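File shown here: work-v2.cif, holding mmCIF, C-alpha atoms, pLDDT in the B column; chains and numbers go by the auth columns.
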data_protein
#
loop_
_atom_site.group_PDB
_atom_site.id
_atom_site.type_symbol
_atom_site.label_atom_id
_atom_site.label_comp_id
_atom_site.label_asym_id
_atom_site.label_seq_id
_atom_site.Cartn_x
_atom_site.Cartn_y
_atom_site.Cartn_z
_atom_site.B_iso_or_equiv
_atom_site.auth_seq_id
_atom_site.auth_asym_id
ATOM 1 C CA MET A 1 -33.297 138.445 -166.619 57.00 1 R
ATOM 2 C CA ARG A 2 -34.677 135.440 -168.486 49.00 2 R
ATOM 3 C CA ALA A 3 -31.295 133.722 -168.214 49.00 3 R
ATOM 4 C CA LEU A 4 -31.172 134.479 -164.493 46.00 4 R
ATOM 5 C CA ARG A 5 -34.621 132.988 -163.979 49.00 5 R
ATOM 6 C CA ILE A 6 -33.602 129.872 -165.876 46.00 6 R
ATOM 7 C CA LEU A 7 -30.449 129.601 -163.756 44.00 7 R
ATOM 8 C CA LEU A 8 -32.435 129.929 -160.525 47.00 8 R
ATOM 9 C CA ILE A 9 -34.911 127.276 -161.686 45.00 9 R
ATOM 10 C CA VAL A 10 -32.041 124.899 -162.516 47.00 10 R
ATOM 11 C CA VAL A 11 -30.445 125.520 -159.114 46.00 11 R
ATOM 12 C CA VAL A 12 -33.744 124.848 -157.316 43.00 12 R
ATOM 13 C CA ILE A 13 -34.329 121.653 -159.317 47.00 13 R
ATOM 14 C CA LEU A 14 -30.810 120.390 -158.744 44.00 14 R
ATOM 15 C CA GLY A 15 -31.061 121.253 -155.060 46.00 15 R
ATOM 16 C CA GLY A 16 -34.301 119.320 -154.813 51.00 16 R
ATOM 17 C CA LEU A 17 -32.827 116.329 -156.625 45.00 17 R
ATOM 18 C CA PHE A 18 -29.779 116.411 -154.341 50.00 18 R
ATOM 19 C CA THR A 19 -31.997 116.516 -151.251 62.00 19 R
ATOM 20 C CA ILE A 20 -34.030 113.558 -152.517 67.00 20 R
ATOM 21 C CA ALA A 21 -30.880 111.612 -153.339 69.00 21 R
ATOM 22 C CA ASP A 22 -29.426 112.504 -149.944 66.00 22 R
ATOM 23 C CA ARG A 23 -32.513 111.284 -148.069 70.00 23 R
ATOM 24 C CA VAL A 24 -32.667 108.075 -150.126 71.00 24 R
ATOM 25 C CA ALA A 25 -28.994 107.437 -149.378 76.00 25 R
ATOM 26 C CA VAL A 26 -29.359 108.008 -145.626 80.00 26 R
ATOM 27 C CA HIS A 27 -32.451 105.782 -145.489 81.00 27 R
ATOM 28 C CA PHE A 28 -30.526 103.008 -147.232 81.00 28 R
ATOM 29 C CA ALA A 29 -27.536 103.455 -144.897 82.00 29 R
ATOM 30 C CA GLN A 30 -29.755 103.335 -141.793 84.00 30 R
ATOM 31 C CA SER A 31 -31.443 100.155 -143.016 86.00 31 R
ATOM 32 C CA GLU A 32 -28.123 98.467 -143.798 82.00 32 R
ATOM 33 C CA ALA A 33 -26.652 99.449 -140.424 81.00 33 R
ATOM 34 C CA ALA A 34 -29.735 98.162 -138.576 86.00 34 R
ATOM 35 C CA ASP A 35 -29.574 94.809 -140.381 87.00 35 R
ATOM 36 C CA ARG A 36 -25.875 94.444 -139.624 83.00 36 R
ATOM 37 C CA ILE A 37 -26.334 95.257 -135.929 82.00 37 R
ATOM 38 C CA LYS A 38 -29.210 92.754 -135.742 85.00 38 R
ATOM 39 C CA THR A 39 -27.043 90.029 -137.244 85.00 39 R
ATOM 40 C CA ASN A 40 -23.863 90.764 -135.296 80.00 40 R
ATOM 41 C CA GLU A 41 -25.643 91.172 -131.957 80.00 41 R
ATOM 42 C CA HIS A 42 -27.988 88.197 -132.571 81.00 42 R
ATOM 43 C CA LEU A 43 -31.105 90.271 -131.945 85.00 43 R
ATOM 44 C CA ALA A 44 -34.640 88.940 -132.321 85.00 44 R
ATOM 45 C CA GLU A 45 -35.873 92.266 -133.718 88.00 45 R
ATOM 46 C CA THR A 46 -34.281 94.828 -135.999 90.00 46 R
ATOM 47 C CA PRO A 47 -33.039 97.839 -133.993 90.00 47 R
ATOM 48 C CA SER A 48 -33.801 101.435 -134.892 90.00 48 R
ATOM 49 C CA VAL A 49 -30.939 103.402 -136.431 89.00 49 R
ATOM 50 C CA SER A 50 -30.963 107.138 -137.105 88.00 50 R
ATOM 51 C CA ILE A 51 -28.124 109.046 -138.787 85.00 51 R
ATOM 52 C CA ASP A 52 -28.112 112.779 -138.003 85.00 52 R
ATOM 53 C CA GLY A 53 -26.600 115.613 -139.979 76.00 53 R
ATOM 54 C CA PHE A 54 -27.304 117.095 -143.399 76.00 54 R
ATOM 55 C CA PRO A 55 -26.243 116.612 -146.020 79.00 55 R
ATOM 56 C CA PHE A 56 -25.511 112.926 -145.488 76.00 56 R
ATOM 57 C CA LEU A 57 -23.651 112.486 -148.765 76.00 57 R
ATOM 58 C CA THR A 58 -21.202 115.236 -147.859 77.00 58 R
ATOM 59 C CA GLN A 59 -20.471 113.465 -144.576 78.00 59 R
ATOM 60 C CA VAL A 60 -19.891 110.211 -146.463 78.00 60 R
ATOM 61 C CA ALA A 61 -17.494 111.974 -148.819 74.00 61 R
ATOM 62 C CA GLY A 62 -15.571 113.221 -145.779 75.00 62 R
ATOM 63 C CA GLY A 63 -15.383 109.739 -144.262 75.00 63 R
ATOM 64 C CA GLU A 64 -17.096 110.666 -140.985 80.00 64 R
ATOM 65 C CA LEU A 65 -20.683 110.886 -139.752 84.00 65 R
ATOM 66 C CA ASP A 66 -21.657 113.397 -137.066 86.00 66 R
ATOM 67 C CA GLU A 67 -24.015 111.227 -135.011 88.00 67 R
ATOM 68 C CA ILE A 68 -25.693 107.843 -135.136 88.00 68 R
ATOM 69 C CA HIS A 69 -28.475 106.884 -132.716 90.00 69 R
ATOM 70 C CA VAL A 70 -29.267 103.216 -132.085 90.00 70 R
ATOM 71 C CA GLY A 71 -32.288 101.862 -130.194 91.00 71 R
ATOM 72 C CA ILE A 72 -32.680 98.229 -129.110 90.00 72 R
ATOM 73 C CA LYS A 73 -35.886 97.288 -127.318 90.00 73 R
ATOM 74 C CA ASP A 74 -34.797 93.972 -125.805 88.00 74 R
ATOM 75 C CA TYR A 75 -31.113 93.082 -125.513 86.00 75 R
ATOM 76 C CA GLU A 76 -29.953 89.793 -124.037 85.00 76 R
ATOM 77 C CA VAL A 77 -26.580 90.189 -122.323 80.00 77 R
ATOM 78 C CA ALA A 78 -24.369 87.222 -121.503 73.00 78 R
ATOM 79 C CA THR A 79 -23.485 87.371 -117.817 70.00 79 R
ATOM 80 C CA GLY A 80 -20.932 85.878 -115.522 58.00 80 R
ATOM 81 C CA THR A 81 -20.882 86.639 -111.821 47.00 81 R
ATOM 82 C CA ALA A 82 -23.941 86.299 -109.583 44.00 82 R
ATOM 83 C CA GLY A 83 -24.277 86.282 -105.817 45.00 83 R
ATOM 84 C CA LYS A 84 -22.200 87.834 -103.047 44.00 84 R
ATOM 85 C CA SER A 85 -19.397 85.297 -103.381 42.00 85 R
ATOM 86 C CA GLY A 86 -18.794 86.281 -107.008 42.00 86 R
ATOM 87 C CA ALA A 87 -18.764 82.706 -108.252 38.00 87 R
ATOM 88 C CA ALA A 88 -18.941 82.487 -112.026 38.00 88 R
ATOM 89 C CA GLY A 89 -22.064 81.209 -113.674 44.00 89 R
ATOM 90 C CA ALA A 90 -23.297 81.232 -117.238 52.00 90 R
ATOM 91 C CA GLY A 91 -26.556 82.924 -118.076 76.00 91 R
ATOM 92 C CA THR A 92 -28.181 85.976 -119.622 82.00 92 R
ATOM 93 C CA ILE A 93 -29.993 89.037 -118.392 86.00 93 R
ATOM 94 C CA ARG A 94 -32.400 91.120 -120.472 89.00 94 R
ATOM 95 C CA ILE A 95 -31.871 94.856 -120.796 90.00 95 R
ATOM 96 C CA ASP A 96 -34.853 96.962 -121.874 91.00 96 R
ATOM 97 C CA ASP A 97 -34.925 100.054 -124.105 91.00 97 R
ATOM 98 C CA LEU A 98 -31.219 100.383 -124.795 90.00 98 R
ATOM 99 C CA HIS A 99 -30.456 103.700 -126.512 91.00 99 R
ATOM 100 C CA ALA A 100 -26.942 104.543 -127.684 90.00 100 R
ATOM 101 C CA ASP A 101 -25.745 107.843 -129.152 91.00 101 R
ATOM 102 C CA MET A 102 -22.559 107.558 -131.218 88.00 102 R
ATOM 103 C CA HIS A 103 -20.503 110.675 -131.978 90.00 103 R
ATOM 104 C CA GLY A 104 -17.809 111.179 -134.617 89.00 104 R
ATOM 105 C CA VAL A 105 -18.292 107.934 -136.524 86.00 105 R
ATOM 106 C CA ASP A 106 -15.456 106.970 -138.891 86.00 106 R
ATOM 107 C CA PHE A 107 -16.013 104.129 -141.352 77.00 107 R
ATOM 108 C CA SER A 108 -13.767 101.978 -143.489 74.00 108 R
ATOM 109 C CA SER A 109 -13.318 102.583 -147.221 66.00 109 R
ATOM 110 C CA ASP A 110 -15.458 99.542 -148.069 67.00 110 R
ATOM 111 C CA TYR A 111 -18.109 100.521 -145.450 63.00 111 R
ATOM 112 C CA SER A 112 -17.739 97.126 -143.731 69.00 112 R
ATOM 113 C CA SER A 113 -17.031 98.656 -140.310 73.00 113 R
ATOM 114 C CA ALA A 114 -17.593 101.887 -138.402 79.00 114 R
ATOM 115 C CA THR A 115 -16.117 103.200 -135.157 86.00 115 R
ATOM 116 C CA ALA A 116 -17.412 106.027 -132.971 88.00 116 R
ATOM 117 C CA ARG A 117 -14.909 108.195 -131.119 91.00 117 R
ATOM 118 C CA THR A 118 -17.302 108.473 -128.177 92.00 118 R
ATOM 119 C CA ALA A 119 -20.646 106.966 -127.240 91.00 119 R
ATOM 120 C CA THR A 120 -23.184 107.327 -124.455 92.00 120 R
ATOM 121 C CA GLY A 121 -26.172 105.151 -123.695 91.00 121 R
ATOM 122 C CA THR A 122 -29.088 104.503 -121.373 93.00 122 R
ATOM 123 C CA ALA A 123 -31.086 101.380 -120.579 93.00 123 R
ATOM 124 C CA THR A 124 -33.143 99.722 -117.853 94.00 124 R
ATOM 125 C CA ILE A 125 -32.786 96.408 -116.056 94.00 125 R
ATOM 126 C CA SER A 126 -36.167 95.349 -114.711 94.00 126 R
ATOM 127 C CA TYR A 127 -36.377 94.195 -111.109 94.00 127 R
ATOM 128 C CA ASP A 128 -37.495 90.738 -112.242 92.00 128 R
ATOM 129 C CA GLU A 129 -34.352 90.438 -114.348 91.00 129 R
ATOM 130 C CA LEU A 130 -32.064 91.712 -111.585 91.00 130 R
ATOM 131 C CA LEU A 131 -33.653 89.197 -109.221 91.00 131 R
ATOM 132 C CA LYS A 132 -31.905 86.473 -111.238 87.00 132 R
ATOM 133 C CA ALA A 133 -28.658 87.550 -109.584 87.00 133 R
ATOM 134 C CA ALA A 134 -29.997 86.662 -106.120 86.00 134 R
ATOM 135 C CA LYS A 135 -29.735 83.104 -104.849 80.00 135 R
ATOM 136 C CA PRO A 136 -32.778 81.234 -106.199 80.00 136 R
ATOM 137 C CA GLU A 137 -33.169 78.708 -103.391 84.00 137 R
ATOM 138 C CA PRO A 138 -33.553 79.189 -99.616 86.00 138 R
ATOM 139 C CA THR A 139 -30.097 79.461 -98.062 83.00 139 R
ATOM 140 C CA GLN A 140 -29.169 78.483 -94.528 82.00 140 R
ATOM 141 C CA VAL A 141 -28.069 81.576 -92.627 78.00 141 R
ATOM 142 C CA PHE A 142 -28.156 80.017 -89.153 75.00 142 R
ATOM 143 C CA PRO A 143 -28.580 76.423 -87.927 78.00 143 R
ATOM 144 C CA GLY A 144 -32.210 75.614 -88.726 81.00 144 R
ATOM 145 C CA VAL A 145 -32.898 79.011 -90.336 83.00 145 R
ATOM 146 C CA THR A 146 -33.071 79.747 -94.076 85.00 146 R
ATOM 147 C CA ALA A 147 -33.475 82.998 -95.984 86.00 147 R
ATOM 148 C CA LYS A 148 -34.560 83.771 -99.527 89.00 148 R
ATOM 149 C CA VAL A 149 -35.073 86.945 -101.567 91.00 149 R
ATOM 150 C CA LEU A 150 -38.661 86.858 -102.845 92.00 150 R
ATOM 151 C CA GLY A 151 -38.740 90.008 -104.944 93.00 151 R
ATOM 152 C CA LEU A 152 -37.366 93.439 -105.762 95.00 152 R
ATOM 153 C CA SER A 153 -39.243 96.695 -106.278 95.00 153 R
ATOM 154 C CA ASP A 154 -38.859 100.461 -106.165 95.00 154 R
ATOM 155 C CA GLY A 155 -38.168 101.641 -102.633 93.00 155 R
ATOM 156 C CA GLY A 156 -38.275 105.366 -103.456 92.00 156 R
ATOM 157 C CA ASN A 157 -35.494 107.927 -103.100 92.00 157 R
ATOM 158 C CA GLY A 158 -33.144 105.867 -105.263 92.00 158 R
ATOM 159 C CA LYS A 159 -33.463 102.732 -103.131 95.00 159 R
ATOM 160 C CA ILE A 160 -34.463 99.165 -103.960 95.00 160 R
ATOM 161 C CA LYS A 161 -36.991 97.396 -101.744 94.00 161 R
ATOM 162 C CA VAL A 162 -35.863 93.813 -101.176 93.00 162 R
ATOM 163 C CA LYS A 163 -38.490 91.382 -99.924 93.00 163 R
ATOM 164 C CA VAL A 164 -36.945 88.610 -97.822 90.00 164 R
ATOM 165 C CA ARG A 165 -38.421 85.542 -96.143 88.00 165 R
ATOM 166 C CA LEU A 166 -36.829 83.979 -93.060 85.00 166 R
ATOM 167 C CA GLU A 167 -38.143 80.669 -91.825 85.00 167 R
ATOM 168 C CA GLY A 168 -37.131 77.653 -89.809 83.00 168 R
ATOM 169 C CA SER A 169 -36.794 76.848 -86.152 79.00 169 R
ATOM 170 C CA VAL A 170 -34.580 77.856 -83.281 70.00 170 R
ATOM 171 C CA GLY A 171 -34.894 75.228 -80.576 72.00 171 R
ATOM 172 C CA PRO A 172 -38.583 74.421 -80.138 74.00 172 R
ATOM 173 C CA LYS A 173 -39.648 77.689 -81.743 75.00 173 R
ATOM 174 C CA LYS A 174 -40.763 77.556 -85.374 81.00 174 R
ATOM 175 C CA PHE A 175 -41.285 80.701 -87.362 77.00 175 R
ATOM 176 C CA SER A 176 -41.825 82.173 -90.819 83.00 176 R
ATOM 177 C CA GLN A 177 -41.156 85.871 -91.235 83.00 177 R
ATOM 178 C CA THR A 178 -41.423 87.994 -94.382 88.00 178 R
ATOM 179 C CA THR A 179 -39.944 91.456 -94.278 86.00 179 R
ATOM 180 C CA SER A 180 -38.767 94.193 -96.643 90.00 180 R
ATOM 181 C CA ILE A 181 -35.497 96.059 -96.414 89.00 181 R
ATOM 182 C CA LEU A 182 -34.151 99.064 -98.298 94.00 182 R
ATOM 183 C CA SER A 183 -30.979 98.530 -100.305 94.00 183 R
ATOM 184 C CA SER A 184 -28.593 100.708 -102.279 96.00 184 R
ATOM 185 C CA VAL A 185 -27.535 99.902 -105.833 95.00 185 R
ATOM 186 C CA THR A 186 -24.054 100.818 -107.034 95.00 186 R
ATOM 187 C CA VAL A 187 -21.722 99.925 -109.873 94.00 187 R
ATOM 188 C CA GLU A 188 -18.090 98.927 -109.566 92.00 188 R
ATOM 189 C CA GLY A 189 -16.376 98.285 -112.866 88.00 189 R
ATOM 190 C CA ASP A 190 -18.688 95.939 -114.776 87.00 190 R
ATOM 191 C CA THR A 191 -20.517 94.812 -111.646 90.00 191 R
ATOM 192 C CA VAL A 192 -23.908 96.055 -110.424 92.00 192 R
ATOM 193 C CA LYS A 193 -24.168 95.578 -106.647 93.00 193 R
ATOM 194 C CA VAL A 194 -27.198 95.542 -104.334 94.00 194 R
ATOM 195 C CA HIS A 195 -26.357 96.132 -100.651 93.00 195 R
ATOM 196 C CA ALA A 196 -28.830 96.289 -97.773 92.00 196 R
ATOM 197 C CA ASP A 197 -28.668 99.590 -95.870 91.00 197 R
ATOM 198 C CA SER A 198 -29.631 97.778 -92.678 85.00 198 R
ATOM 199 C CA LEU A 199 -31.006 94.384 -91.710 79.00 199 R
ATOM 200 C CA PRO A 200 -34.267 93.681 -89.873 70.00 200 R
ATOM 201 C CA GLU A 201 -34.205 92.893 -86.155 69.00 201 R
ATOM 202 C CA THR A 202 -35.404 89.290 -85.821 62.00 202 R
ATOM 203 C CA GLY A 203 -34.544 88.584 -82.196 61.00 203 R
ATOM 204 C CA LEU A 204 -33.004 85.282 -83.315 59.00 204 R
ATOM 205 C CA GLY A 205 -29.384 86.253 -82.861 59.00 205 R
ATOM 206 C CA LEU A 206 -28.589 85.855 -86.543 62.00 206 R
ATOM 207 C CA VAL A 207 -25.103 86.816 -87.665 62.00 207 R
ATOM 208 C CA GLU A 208 -25.235 89.808 -90.039 71.00 208 R
ATOM 209 C CA ARG A 209 -22.600 88.308 -92.315 72.00 209 R
ATOM 210 C CA ASP A 210 -24.729 85.206 -92.855 75.00 210 R
ATOM 211 C CA VAL A 211 -27.902 87.174 -93.591 80.00 211 R
ATOM 212 C CA ARG A 212 -26.055 89.425 -96.027 83.00 212 R
ATOM 213 C CA SER A 213 -24.941 86.340 -97.943 84.00 213 R
ATOM 214 C CA VAL A 214 -28.561 86.332 -99.175 86.00 214 R
ATOM 215 C CA THR A 215 -29.719 89.965 -99.071 88.00 215 R
ATOM 216 C CA ASP A 216 -26.597 91.351 -100.778 91.00 216 R
ATOM 217 C CA PHE A 217 -25.861 90.230 -104.320 91.00 217 R
ATOM 218 C CA GLN A 218 -24.230 91.388 -107.521 91.00 218 R
ATOM 219 C CA GLN A 219 -24.370 90.921 -111.261 89.00 219 R
ATOM 220 C CA VAL A 220 -21.607 91.363 -113.831 89.00 220 R
ATOM 221 C CA ILE A 221 -22.739 93.042 -117.074 86.00 221 R
ATOM 222 C CA ASP A 222 -19.775 93.273 -119.426 80.00 222 R
ATOM 223 C CA LYS A 223 -21.161 92.441 -122.865 78.00 223 R
ATOM 224 C CA LEU A 224 -22.956 95.629 -123.877 82.00 224 R
ATOM 225 C CA PRO A 225 -22.935 96.363 -127.633 78.00 225 R
ATOM 226 C CA GLY A 226 -19.819 97.915 -129.098 76.00 226 R
ATOM 227 C CA GLY A 227 -17.916 97.516 -125.838 78.00 227 R
ATOM 228 C CA ILE A 228 -19.609 100.405 -124.002 87.00 228 R
ATOM 229 C CA LYS A 229 -19.360 100.150 -120.209 88.00 229 R
ATOM 230 C CA ILE A 230 -21.797 100.905 -117.410 91.00 230 R
ATOM 231 C CA ASP A 231 -20.975 104.257 -115.834 92.00 231 R
ATOM 232 C CA LYS A 232 -23.851 104.906 -113.386 94.00 232 R
ATOM 233 C CA VAL A 233 -26.848 103.042 -111.946 95.00 233 R
ATOM 234 C CA GLU A 234 -29.953 104.350 -110.190 95.00 234 R
ATOM 235 C CA ALA A 235 -33.022 102.633 -108.805 95.00 235 R
ATOM 236 C CA ALA A 236 -36.217 103.805 -110.530 94.00 236 R
ATOM 237 C CA GLN A 237 -39.878 102.839 -110.596 92.00 237 R
ATOM 238 C CA GLU A 238 -39.623 100.324 -113.436 91.00 238 R
ATOM 239 C CA GLY A 239 -36.183 98.942 -112.571 94.00 239 R
ATOM 240 C CA VAL A 240 -32.546 99.940 -112.330 95.00 240 R
ATOM 241 C CA HIS A 241 -31.709 102.713 -114.787 95.00 241 R
ATOM 242 C CA ILE A 242 -28.188 102.449 -116.170 94.00 242 R
ATOM 243 C CA THR A 243 -26.027 104.984 -117.971 94.00 243 R
ATOM 244 C CA ALA A 244 -23.170 103.734 -120.117 92.00 244 R
ATOM 245 C CA LYS A 245 -20.325 105.310 -122.062 91.00 245 R
ATOM 246 C CA GLY A 246 -17.388 104.314 -124.183 89.00 246 R
ATOM 247 C CA THR A 247 -14.680 105.388 -126.611 90.00 247 R
ATOM 248 C CA ASP A 248 -13.660 103.848 -129.939 89.00 248 R
ATOM 249 C CA VAL A 249 -16.967 101.983 -130.021 84.00 249 R
ATOM 250 C CA ASP A 250 -17.700 99.478 -132.791 82.00 250 R
ATOM 251 C CA VAL A 251 -20.977 100.759 -134.202 72.00 251 R
ATOM 252 C CA THR A 252 -21.792 97.629 -136.193 63.00 252 R
ATOM 253 C CA GLY A 253 -21.167 95.318 -133.239 59.00 253 R
#
Conversion result in structure tokens:
Amino acid sequence: MRALRILLIVVVILGGLFTIADRVAVHFAQSEAADRIKTNEHLAETPSVSIDGFPFLTQVAGGELDEIHVGIKDYEVATGTAGKSGAAGAGTIRIDDLHADMHGVDFSSDYSSATARTATGTATISYDELLKAAKPEPTQVFPGVTAKVLGLSDGGNGKIKVKVRLEGSVGPKKFSQTTSILSSVTVEGDTVKVHADSLPETGLGLVERDVRSVTDFQQVIDKLPGGIKIDKVEAAQEGVHITAKGTDVDVTG
């Protein structure tokens, strides 16, 4: 019995030491991964990284981690296309609260790289940021008449409220009219599109195509971390909520 008690004590002690070593190892791995993502993605702040699954050391020995969760508060994405015409233009757009869940993460023998079989993510583009995709200056939509998007906000029921100002003169009549329209937001490939459901009746005989050259706009977002792609978009109170997914995703950026 005494020998059995000693054996049980040894097992408990070794188990405790293994657990401590395991938690120290996973903490170190999370810190290293966060620093590497910060460097490779040129982030201003260190992201949060959480590695799930226990024991961690057993996963390392097997060459694959079950799950890694990454959180980036502010992520600047290089952008290309803006405006209805799709003309290219350099710039960036900020994405808030990007969270990515990586599943089945394989890493190289020297731990210099890691690839997730699948990944899903969520993030938000604020309305102020999405407004950058609209034309910044008043645009002529009719001889003597200009239009400009002044702001974006939540329109409820998955719609975006687009505030537009029309001003100018038609013959001797001068006018300045500010109105709000409800628009739908969709995604096509890497492009987020805002499209007015209907246009306001102005009584000025404006051509719908010309007005839509201002009210409808789009933004390409194709530089998300690890190569994940936007899958769905939905208008929400704080901005446009995006859902992304990918396969064979580079975890370290």
Care to translate the PyMOL selection byres ((chain R and resi 93) around 8) into actual residues of this file, as a PyMOL selection string? chain R and resi 76-79+91-92+94-95+129-130+132
Return as a ChimeraX atom specification the set of residues that the PyMOL selection byres ((chain R and resi 224) around 12) yields on the displayed structure. /R:41,72,75-79,92-95,98-100,120-123,190,220-223,225-231,242-246,249-251,253
Please enumerate the residues selected by the PyMOL selection byres ((chain R and resi 162-171) around 7) when evaluated against the supplied file, formatted as a PyMOL selection string. chain R and resi 144-153+160-161+172-183
How would the residues just chosen look if you wrote them out with C-alpha atoms as an mmCIF file, in the frame of the given file?
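Resulting contents of out01.cif:
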data_model
loop_
_atom_site.group_PDB
_atom_site.id
_atom_site.type_symbol
_atom_site.label_atom_id
_atom_site.label_comp_id
_atom_site.auth_asym_id
_atom_site.auth_seq_id
_atom_site.Cartn_x
_atom_site.Cartn_y
_atom_site.Cartn_z
ATOM 1 C CA GLY R 144 -32.210 75.614 -88.726
ATOM 2 C CA VAL R 145 -32.898 79.011 -90.336
ATOM 3 C CA THR R 146 -33.071 79.747 -94.076
ATOM 4 C CA ALA R 147 -33.475 82.998 -95.984
ATOM 5 C CA LYS R 148 -34.560 83.771 -99.527
ATOM 6 C CA VAL R 149 -35.073 86.945 -101.567
ATOM 7 C CA LEU R 150 -38.661 86.858 -102.845
ATOM 8 C CA GLY R 151 -38.740 90.008 -104.944
ATOM 9 C CA LEU R 152 -37.366 93.439 -105.762
ATOM 10 C CA SER R 153 -39.243 96.695 -106.278
ATOM 11 C CA ILE R 160 -34.463 99.165 -103.960
ATOM 12 C CA LYS R 161 -36.991 97.396 -101.744
ATOM 13 C CA PRO R 172 -38.583 74.421 -80.138
ATOM 14 C CA LYS R 173 -39.648 77.689 -81.743
ATOM 15 C CA LYS R 174 -40.763 77.556 -85.374
ATOM 16 C CA PHE R 175 -41.285 80.701 -87.362
ATOM 17 C CA SER R 176 -41.825 82.173 -90.819
ATOM 18 C CA GLN R 177 -41.156 85.871 -91.235
ATOM 19 C CA THR R 178 -41.423 87.994 -94.382
ATOM 20 C CA THR R 179 -39.944 91.456 -94.278
ATOM 21 C CA SER R 180 -38.767 94.193 -96.643
ATOM 22 C CA ILE R 181 -35.497 96.059 -96.414
ATOM 23 C CA LEU R 182 -34.151 99.064 -98.298
ATOM 24 C CA SER R 183 -30.979 98.530 -100.305
#
What is the CA of Ile68 (chain R)-CA of Thr124 (chain R) distance in Å, reported with one decimal?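 Spanning CA of Ile68 (chain R) to CA of Thr124 (chain R) is a straight-line distance of 20.5 Å.
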List as a list of chain:residue names: which residues have an atom within 9 Å of (-36.4, 88.7, -128.3), counting only C-alpha atoms?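 The requested residues, written out, are R:Leu43, R:Ala44, R:Glu45, R:Lys73, R:Asp74, R:Tyr75, R:Glu76.
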Would you pick out the contacts of Asp35 (chain R) at 9 Å or less, using only C-alpha atoms, so that residues sharing its chain but fewer than 4 positions from it are not included, and give the list as a list in words?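 Returned residues: Gln30, Ser31, Thr39, Asn40, Thr46 and Pro47 of chain R.
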At a cut-off of 8 Å around the point (-18.4, 103.1, -133.9) (file coordinates), what residues fall inside when counting all atoms listed in the file? I'd like the answer as a PDB file with C-alpha atoms, keeping the file's coordinate frame.
ATOM      1  CA  MET R 102     -22.559 107.558-131.218  1.00 88.00           C
ATOM      2  CA  VAL R 105     -18.292 107.934-136.524  1.00 86.00           C
ATOM      3  CA  ASP R 106     -15.456 106.970-138.891  1.00 86.00           C
ATOM      4  CA  PHE R 107     -16.013 104.129-141.352  1.00 77.00           C
ATOM      5  CA  SER R 113     -17.031  98.656-140.310  1.00 73.00           C
ATOM      6  CA  ALA R 114     -17.593 101.887-138.402  1.00 79.00           C
ATOM      7  CA  THR R 115     -16.117 103.200-135.157  1.00 86.00           C
ATOM      8  CA  ALA R 116     -17.412 106.027-132.971  1.00 88.00           C
ATOM      9  CA  ARG R 117     -14.909 108.195-131.119  1.00 91.00           C
ATOM     10  CA  THR R 118     -17.302 108.473-128.177  1.00 92.00           C
ATOM     11  CA  GLY R 226     -19.819  97.915-129.098  1.00 76.00           C
ATOM     12  CA  ASP R 248     -13.660 103.848-129.939  1.00 89.00           C
ATOM     13  CA  VAL R 249     -16.967 101.983-130.021  1.00 84.00           C
ATOM     14  CA  ASP R 250     -17.700  99.478-132.791  1.00 82.00           C
ATOM     15  CA  VAL R 251     -20.977 100.759-134.202  1.00 72.00           C
ATOM     16  CA  THR R 252     -21.792  97.629-136.193  1.00 63.00           C
TER      17      THR R 252
END
To box region 46-56 of chain R, take all atoms listed in the file, fit an axis-aligned box, add 6 Å on each side, and give centre and edge lengths in Å to one decimal, as lines of an AutoDock Vina configuration file.
center_x = -29.9
center_y = 106.0
center_z = -140.0
size_x = 20.8
size_y = 34.3
size_z = 24.0
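Proximity to Gln140 (chain R) was assessed for R:Val214, R:Val60, R:Ala235, R:Ala25 counting all atoms listed in the file; the smallest distance is recorded for R:Val214.
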Which is closer to Asp128 (chain R) than all the others in R:Glu188, R:Glu64, R:Glu238, R:Asp197, using all atoms listed in the file?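 Looking only at the distances to Asp128 (chain R), the closest residue turns out to be R:Glu238.
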From R:Gln219, R:Asp210, R:Asp101, R:Glu234, residue lying nearest Gly158 (chain R) [all atoms listed in the file]: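 Once distances to Gly158 (chain R) are computed over all atoms listed in the file, the minimum belongs to R:Glu234.
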Top pick for closest residue to Val141 (chain R), considering R:Lys38, R:His241, R:Arg23, R:Arg212 and counting all atoms listed in the file: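 Checking each candidate against Val141 (chain R), we get R:Arg212 as the closest.
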